[in-house]
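S.K.: Data: target-v4.txt, compact mmCIF, C-alpha atoms and all ligand atoms.
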```txt
# COMPACT_ATOMS: atom_id res chain seq x y z
CA MET A 781 -5.22 2.99 18.43
CA SER A 782 -7.33 1.99 15.46
CA THR A 783 -7.88 4.07 12.36
CA GLY A 784 -11.48 4.99 13.18
CA GLU A 785 -11.10 5.55 16.92
CA THR A 786 -13.95 8.04 17.32
CA ASP A 787 -14.36 7.38 21.05
CA TYR A 788 -10.70 8.05 21.84
CA TRP A 789 -10.63 11.38 19.98
CA ARG A 790 -14.08 12.47 21.12
CA GLN A 791 -13.11 11.85 24.74
CA ARG A 792 -9.97 13.93 24.31
CA TRP A 793 -12.04 16.77 22.92
CA LEU A 794 -14.63 16.45 25.73
CA ASP A 795 -11.86 16.34 28.39
CA GLY A 796 -10.11 19.34 26.88
CA LYS A 797 -6.93 17.27 26.28
CA THR A 798 -6.17 19.22 23.13
CA GLY A 799 -2.63 20.45 23.65
CA TRP A 800 -2.15 20.68 19.87
CA ASP A 801 -4.79 23.40 19.60
CA ARG A 802 -3.08 26.78 19.04
CA GLY A 803 -6.23 28.85 19.36
CA GLY A 804 -5.42 30.45 16.01
CA ALA A 805 -4.07 29.74 12.57
CA SER A 806 -0.59 28.25 12.26
CA PRO A 807 2.25 30.62 11.34
CA ALA A 808 3.14 28.04 8.67
CA LEU A 809 -0.13 28.57 6.82
CA LEU A 810 0.29 32.35 6.98
CA HIS A 811 3.88 32.02 5.73
CA TRP A 812 2.82 30.01 2.68
CA LEU A 813 -0.09 32.33 1.93
CA ASP A 814 1.89 35.54 2.37
CA ASN A 815 4.73 34.20 0.21
CA GLY A 816 2.33 33.49 -2.63
CA VAL A 817 3.06 29.76 -2.86
CA MET A 818 -0.43 28.80 -1.69
CA THR A 819 -2.89 30.17 -4.21
CA PRO A 820 -6.71 29.88 -4.18
CA GLY A 821 -8.30 26.66 -5.35
CA ARG A 822 -10.02 23.62 -3.85
CA ILE A 823 -8.23 22.61 -0.65
CA LEU A 824 -8.80 19.87 1.92
CA VAL A 825 -7.95 20.17 5.62
CA PRO A 826 -8.09 16.61 7.06
CA GLY A 827 -8.40 16.11 10.83
CA CYS A 828 -9.13 19.84 11.10
CA GLY A 829 -10.15 20.00 14.77
CA HIS A 830 -11.18 23.59 15.51
CA GLY A 831 -9.91 24.45 12.04
CA TYR A 832 -8.63 27.99 12.55
CA GLU A 833 -6.82 27.61 9.23
CA VAL A 834 -10.19 27.08 7.53
CA ASP A 835 -11.24 30.65 8.38
CA VAL A 836 -8.07 32.11 6.88
CA LEU A 837 -8.30 30.01 3.72
CA ALA A 838 -11.98 30.89 3.22
CA GLU A 839 -11.20 34.59 3.79
CA ARG A 840 -8.55 34.40 1.09
CA GLY A 841 -10.83 32.90 -1.53
CA PHE A 842 -10.15 29.16 -1.27
CA ARG A 843 -12.91 26.56 -1.61
CA VAL A 844 -12.25 24.70 1.62
CA THR A 845 -13.38 21.24 2.67
CA ALA A 846 -12.56 20.36 6.28
CA VAL A 847 -13.00 16.88 7.76
CA ASP A 848 -12.87 15.56 11.31
CA ILE A 849 -14.31 12.50 12.98
CA VAL A 850 -15.47 14.33 16.13
CA PRO A 851 -18.63 16.48 15.94
CA GLU A 852 -17.99 19.03 18.73
CA PRO A 853 -15.01 20.91 17.24
CA LEU A 854 -16.76 20.87 13.86
CA GLN A 855 -19.81 22.49 15.36
CA ARG A 856 -17.66 25.25 16.86
CA LEU A 857 -15.95 25.70 13.50
CA ARG A 858 -19.32 26.00 11.73
CA GLU A 859 -20.52 28.56 14.26
CA ARG A 860 -17.33 30.61 14.00
CA LEU A 861 -17.43 30.63 10.20
CA SER A 862 -21.08 31.61 10.25
CA SER A 863 -20.41 34.47 12.69
CA LYS A 864 -17.77 35.79 10.27
CA GLY A 865 -19.95 35.34 7.19
CA LEU A 866 -17.53 32.78 5.77
CA GLU A 867 -18.32 29.56 3.91
CA ALA A 868 -16.60 26.19 3.86
CA GLU A 869 -17.67 22.57 3.52
CA ILE A 870 -17.42 21.01 7.00
CA ILE A 871 -17.76 17.23 7.06
CA GLN A 872 -17.80 14.72 9.89
CA ASP A 873 -16.13 11.63 8.49
CA ASN A 874 -13.23 9.24 8.84
CA VAL A 875 -10.13 10.34 6.94
CA PHE A 876 -9.24 6.71 6.26
CA THR A 877 -12.29 6.31 4.03
CA TYR A 878 -13.31 9.87 3.07
CA LEU A 879 -13.33 10.84 -0.61
CA HIS A 880 -14.92 13.95 -2.11
CA PRO A 881 -17.61 13.39 -4.78
CA ASP A 882 -16.00 16.11 -6.95
CA GLY A 883 -12.71 14.22 -7.02
CA PRO A 884 -9.20 15.20 -5.97
CA PHE A 885 -8.23 18.61 -4.60
CA ASP A 886 -5.76 21.19 -5.87
CA ALA A 887 -4.10 21.06 -2.48
CA VAL A 888 -4.21 19.46 0.96
CA TYR A 889 -3.14 21.22 4.17
CA GLU A 890 -1.86 18.51 6.49
CA GLN A 891 -1.40 19.72 10.07
CA THR A 892 -1.08 17.26 12.97
CA CYS A 893 -3.38 14.67 11.43
CA LEU A 894 -0.74 12.23 10.16
CA CYS A 895 1.14 12.43 13.46
CA ALA A 896 -2.08 11.57 15.30
CA PHE A 897 -1.87 8.01 13.99
CA ALA A 898 0.49 5.29 15.18
CA PRO A 899 3.11 4.42 12.54
CA GLU A 900 1.38 1.18 11.50
CA TYR A 901 -1.57 3.23 10.21
CA ARG A 902 0.51 5.65 8.19
CA PRO A 903 0.55 3.76 4.88
CA ALA A 904 -3.27 3.70 4.79
CA TYR A 905 -3.41 7.42 5.58
CA VAL A 906 -0.77 8.29 3.00
CA ALA A 907 -2.74 6.29 0.42
CA GLN A 908 -5.60 8.69 1.11
CA LEU A 909 -3.33 11.71 0.68
CA ASN A 910 -2.21 10.22 -2.63
CA ARG A 911 -5.89 10.06 -3.69
CA TRP A 912 -6.83 13.50 -2.36
CA VAL A 913 -4.21 15.57 -4.22
CA ARG A 914 -4.68 15.86 -8.00
CA PRO A 915 -1.69 15.29 -10.28
CA GLY A 916 0.28 18.55 -10.26
CA GLY A 917 -1.37 19.57 -6.98
CA THR A 918 0.42 20.34 -3.73
CA LEU A 919 0.54 18.77 -0.31
CA PHE A 920 1.37 21.43 2.29
CA ALA A 921 2.59 19.17 5.07
CA LEU A 922 3.70 19.94 8.60
CA PHE A 923 5.72 16.99 9.83
CA THR A 924 5.80 16.83 13.61
CA GLN A 925 9.17 16.47 15.32
CA THR A 926 8.89 15.23 18.90
CA PRO A 927 11.39 14.16 21.54
CA TRP A 928 8.98 11.41 22.70
CA ARG A 929 9.13 7.71 21.88
CA SER A 930 5.35 7.33 21.81
CA GLY A 931 2.36 9.49 20.93
CA PRO A 932 0.14 10.99 19.79
CA PRO A 933 1.70 13.04 18.42
CA PHE A 934 4.03 10.46 16.87
CA HIS A 935 7.44 11.65 15.75
CA SER A 936 7.47 12.06 11.96
CA SER A 937 11.12 12.37 10.91
CA PRO A 938 11.91 13.66 7.42
CA GLU A 939 13.60 10.32 6.68
CA ALA A 940 10.49 8.33 7.64
CA MET A 941 8.32 10.73 5.64
CA ARG A 942 10.49 10.31 2.53
CA GLU A 943 9.94 6.56 2.78
CA LEU A 944 6.18 7.03 3.04
CA PHE A 945 5.74 9.75 0.42
CA THR A 946 7.64 7.98 -2.30
CA GLU A 947 9.50 9.70 -5.12
CA ASP A 948 7.43 7.93 -7.76
CA THR A 949 4.33 9.75 -6.50
CA TRP A 950 5.68 12.97 -4.94
CA ILE A 951 8.29 15.54 -5.93
CA TRP A 952 10.19 16.51 -2.80
CA PRO A 953 11.92 19.85 -2.22
CA ALA A 954 15.57 19.80 -1.17
CA GLU A 955 14.64 21.04 2.29
CA ALA A 956 11.78 22.22 4.48
CA ASP A 957 10.39 25.71 3.86
CA LEU A 958 10.21 26.48 7.55
CA SER A 959 10.29 25.14 11.08
CA VAL A 960 7.56 26.14 13.52
CA PRO A 961 7.89 25.51 17.25
CA HIS A 962 4.73 24.61 19.14
CA GLU A 963 4.24 25.51 22.79
CA ALA A 964 3.17 21.89 23.45
CA GLY A 965 6.84 20.90 23.05
CA PHE A 966 7.07 19.72 19.47
CA THR A 967 8.28 21.37 16.28
CA GLU A 968 6.67 21.22 12.85
CA LEU A 969 8.71 21.12 9.66
CA GLY A 970 6.80 22.60 6.74
CA TYR A 971 7.29 20.88 3.39
CA ARG A 972 5.62 21.44 0.03
CA LEU A 973 5.31 18.18 -1.90
CA VAL A 974 4.03 18.21 -5.47
CA ARG A 975 1.96 15.28 -6.72
CA ARG A 976 3.61 13.90 -9.82
CA PRO A 977 1.57 14.14 -13.02
CA ALA A 978 -0.16 10.91 -13.97
CA GLN A 979 2.07 8.71 -16.13
CA PRO A 980 0.64 7.88 -19.56
CA ASP A 981 -0.23 4.19 -20.00
CA THR A 982 2.49 2.31 -21.82
C1 LIG B 1001 -3.82 16.28 16.82
S1 LIG B 1001 -5.43 16.80 16.37
C2 LIG B 1001 -5.10 18.09 15.16
C3 LIG B 1001 -6.24 19.04 14.91
C4 LIG B 1001 -5.90 20.20 13.95
N1 LIG B 1001 -5.38 19.72 12.69
C5 LIG B 1001 -4.91 21.15 14.57
O1 LIG B 1001 -3.74 21.16 14.16
O2 LIG B 1001 -5.30 21.89 15.49
C6 LIG B 1001 -5.98 15.44 15.34
C7 LIG B 1001 -7.40 15.60 14.86
O3 LIG B 1001 -7.72 14.49 14.02
C8 LIG B 1001 -9.03 14.04 14.34
N2 LIG B 1001 -9.09 12.62 13.94
C9 LIG B 1001 -8.53 11.56 14.57
N3 LIG B 1001 -8.78 10.42 13.91
C10 LIG B 1001 -9.52 10.78 12.83
C11 LIG B 1001 -10.08 10.04 11.75
N4 LIG B 1001 -9.91 8.71 11.64
N5 LIG B 1001 -10.79 10.72 10.81
C12 LIG B 1001 -10.97 12.08 10.91
N6 LIG B 1001 -10.44 12.81 11.92
C13 LIG B 1001 -9.73 12.17 12.85
C14 LIG B 1001 -9.19 14.31 15.81
O4 LIG B 1001 -10.53 14.40 16.22
C15 LIG B 1001 -8.43 15.62 15.98
O5 LIG B 1001 -9.28 16.73 15.81
```
Represent the supplied structure as structure tokens.

M.R.:
Amino acid sequence: MSTGETDYWRQRWLDGKTGWDRGGASPALLHWLDNGVMTPGRILVPGCGHGYEVDVLAERGFRVTAVDIVPEPLQRLRERLSSKGLEAEIIQDNVFTYLHPDGPFDAVYEQTCLCAFAPEYRPAYVAQLNRWVRPGGTLFALFTQTPWRSGPPFHSSPEAMRELFTEDTWIWPAEADLSVPHEAGFTELGYRLVRRPAQPDT
């Protein structure tokens, strides 16, 4: 699977092979919002799919940008937002190259996008996450735990994630905030990683 595999993902959407799709916002997002650790600001939702979380974030006063490479789920997201009188920036683009003209975000909500990519593509995707979150900003990440050897979704163990999201760039919590089972057979571990402030030039 290559990094810009539009045809693969579009076909999955057209065939309805979207077992990841909950049909509503993740309990993890609601947990972080209701516990006051996710506060309004500019937030990016990469690989948003139907983007149910976008509705909730927009309702709660966030300036949301949502990106996906496939047009059909984005169109449904636009229509749903419009029917609710909500606004968000919905962009069809490739997360491996996408950057916002206004610069980094206060936060990124990462839900089953990283695990969509085979492990060899992770460093390039994490480099984008490093660019997207401003110094001092937060990455709300759901790391997918699967019993399967292959994917997508690809198993994203906390140990592998700690190697990818390195301590020189990210401040890690001691443990996950929560664990959310998914009816598709995987579990998501919710971590809040804080982007380290930029180091002054020496
Ligand atoms: C496993 S789905 C997760 C969707 C959504 N985050 C959710 O949890 O319901 C992965 C999503 O990433 C999108 N995607 C895959 N490759 C992409 C790329 N290179 N750039 C942007 N989106 C991509 C797919 O179209 C799909 O909607």

S.K.: From the list A:Phe966, A:Val844, A:Phe923, A:Val825, which residue is nearest Leu909 (chain A) when using only C-alpha atoms?

M.R.: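 Among A:Phe966, A:Val844, A:Phe923, A:Val825, it is A:Val825 that comes nearest to Leu909 (chain A).
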
S.K.: Taking only C-alpha atoms into account, which of A:Arg860, A:His962, A:Arg802, A:His811 comes nearest Val834 (chain A)?

M.R.: A:Arg860

S.K.: Can you write out as a Markdown table which residues of chain A fall within 9 Å of ligand LIG 1001 (chain B), alongside each residue's closest atom pair and its distance in Å to one decimal, counting only C-alpha atoms and all ligand atoms and ordering rows by chain and ascending residue number?

M.R.:
```
| residue | atom | partner | partner_atom | distance |
| --- | --- | --- | --- | --- |
| A:Ser782 | CA | B:LIG1001 | N4 | 8.1 |
| A:Thr783 | CA | B:LIG1001 | N4 | 5.1 |
| A:Gly784 | CA | B:LIG1001 | N4 | 4.3 |
| A:Glu785 | CA | B:LIG1001 | N3 | 6.2 |
| A:Thr786 | CA | B:LIG1001 | N3 | 6.6 |
| A:Tyr788 | CA | B:LIG1001 | C9 | 8.4 |
| A:Trp789 | CA | B:LIG1001 | O4 | 4.8 |
| A:Arg790 | CA | B:LIG1001 | O4 | 6.4 |
| A:Arg792 | CA | B:LIG1001 | O4 | 8.1 |
| A:Trp793 | CA | B:LIG1001 | O4 | 7.3 |
| A:Thr798 | CA | B:LIG1001 | S1 | 7.2 |
| A:Gly799 | CA | B:LIG1001 | C1 | 8.1 |
| A:Trp800 | CA | B:LIG1001 | O2 | 5.5 |
| A:Asp801 | CA | B:LIG1001 | O2 | 4.4 |
| A:Arg802 | CA | B:LIG1001 | O2 | 6.4 |
| A:Gly803 | CA | B:LIG1001 | O2 | 8.0 |
| A:Gly804 | CA | B:LIG1001 | O2 | 8.6 |
| A:Ala805 | CA | B:LIG1001 | O2 | 8.5 |
| A:Ser806 | CA | B:LIG1001 | O1 | 8.0 |
| A:Val825 | CA | B:LIG1001 | N1 | 7.5 |
| A:Pro826 | CA | B:LIG1001 | N6 | 6.6 |
| A:Gly827 | CA | B:LIG1001 | O3 | 3.6 |
| A:Cys828 | CA | B:LIG1001 | N1 | 4.1 |
| A:Gly829 | CA | B:LIG1001 | O5 | 3.5 |
| A:His830 | CA | B:LIG1001 | O2 | 6.1 |
| A:Gly831 | CA | B:LIG1001 | C4 | 6.1 |
| A:Tyr832 | CA | B:LIG1001 | O2 | 7.5 |
| A:Glu833 | CA | B:LIG1001 | C5 | 8.6 |
| A:Val847 | CA | B:LIG1001 | C12 | 6.1 |
| A:Asp848 | CA | B:LIG1001 | N6 | 3.7 |
| A:Ile849 | CA | B:LIG1001 | C12 | 4.0 |
| A:Val850 | CA | B:LIG1001 | O4 | 4.9 |
| A:Pro851 | CA | B:LIG1001 | O4 | 8.4 |
| A:Pro853 | CA | B:LIG1001 | O5 | 7.2 |
| A:Leu854 | CA | B:LIG1001 | O5 | 8.8 |
| A:Gln872 | CA | B:LIG1001 | C12 | 7.4 |
| A:Asp873 | CA | B:LIG1001 | C12 | 5.7 |
| A:Asn874 | CA | B:LIG1001 | N5 | 3.5 |
| A:Val875 | CA | B:LIG1001 | N5 | 3.9 |
| A:Phe876 | CA | B:LIG1001 | N4 | 5.8 |
| A:Thr877 | CA | B:LIG1001 | N5 | 8.2 |
| A:Tyr878 | CA | B:LIG1001 | N5 | 8.2 |
| A:Tyr889 | CA | B:LIG1001 | N1 | 8.9 |
| A:Glu890 | CA | B:LIG1001 | N1 | 7.2 |
| A:Gln891 | CA | B:LIG1001 | N1 | 4.8 |
| A:Thr892 | CA | B:LIG1001 | C2 | 4.7 |
| A:Cys893 | CA | B:LIG1001 | C6 | 4.8 |
| A:Leu894 | CA | B:LIG1001 | C6 | 8.0 |
| A:Cys895 | CA | B:LIG1001 | C1 | 7.1 |
| A:Ala896 | CA | B:LIG1001 | C1 | 5.2 |
| A:Phe897 | CA | B:LIG1001 | N3 | 7.3 |
| A:Tyr905 | CA | B:LIG1001 | N4 | 9.0 |
| A:Pro932 | CA | B:LIG1001 | C1 | 7.2 |
| A:Pro933 | CA | B:LIG1001 | C1 | 6.6 |
```

S.K.: For Gln908 (chain A), which of A:Arg840, A:Glu939, A:Phe945, A:Asp882 is the closest residue, counting only C-alpha atoms?

M.R.: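 Checking each candidate against Gln908 (chain A), we get A:Phe945 as the closest.
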
S.K.: Find, counting only C-alpha atoms, the residue in A:Glu852, A:Asp886, A:Asp835, A:Glu955 that gets nearest to Gly865 (chain A).

M.R.: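 Checking each of A:Glu852, A:Asp886, A:Asp835, A:Glu955 against Gly865 (chain A), counting only C-alpha atoms, the winner is A:Asp835.
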
S.K.: What does the distance from CA of Ser937 (chain A) to CA of Glu968 (chain A) come to in Å, to one decimal?

M.R.: 10.1 Å

S.K.: Write out as a PyMOL selection string the residues lying within 12 Å of Val888 (chain A), counting only C-alpha atoms and excluding same-chain residues fewer than 5 positions away.

M.R.: chain A and resi 809+818-828+833-834+837+842-847+893+906+908-914+917-922+971-975

S.K.: Using only C-alpha atoms, pick whichever of A:Phe885, A:Glu839, A:Trp812, A:Trp952 has the shortest atom-to-atom distance to Leu866 (chain A).

M.R.: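 That would be A:Glu839, the residue with the smallest distance to Leu866 (chain A).
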
S.K.: In Å, rounded to a single decimal, give me how far CA of Thr967 (chain A) is from CA of Thr924 (chain A).

M.R.: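 Here the two named atoms are 5.8 Å from each other.
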
S.K.: What does the distance from CA of Ser930 (chain A) to CA of Ala898 (chain A) come to in Å, to one decimal?

M.R.: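 Taking CA of Ser930 (chain A) and CA of Ala898 (chain A), their separation equals 8.5 Å.
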
S.K.: Name the closest residue to Asp948 (chain A) among the candidates A:Leu857, A:Ala808, A:Ala978, A:Leu969; distances are taken between atoms, counting all atoms listed in the file.

M.R.: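 Looking at the shortest contact to Asp948 (chain A), the residue is A:Ala978.
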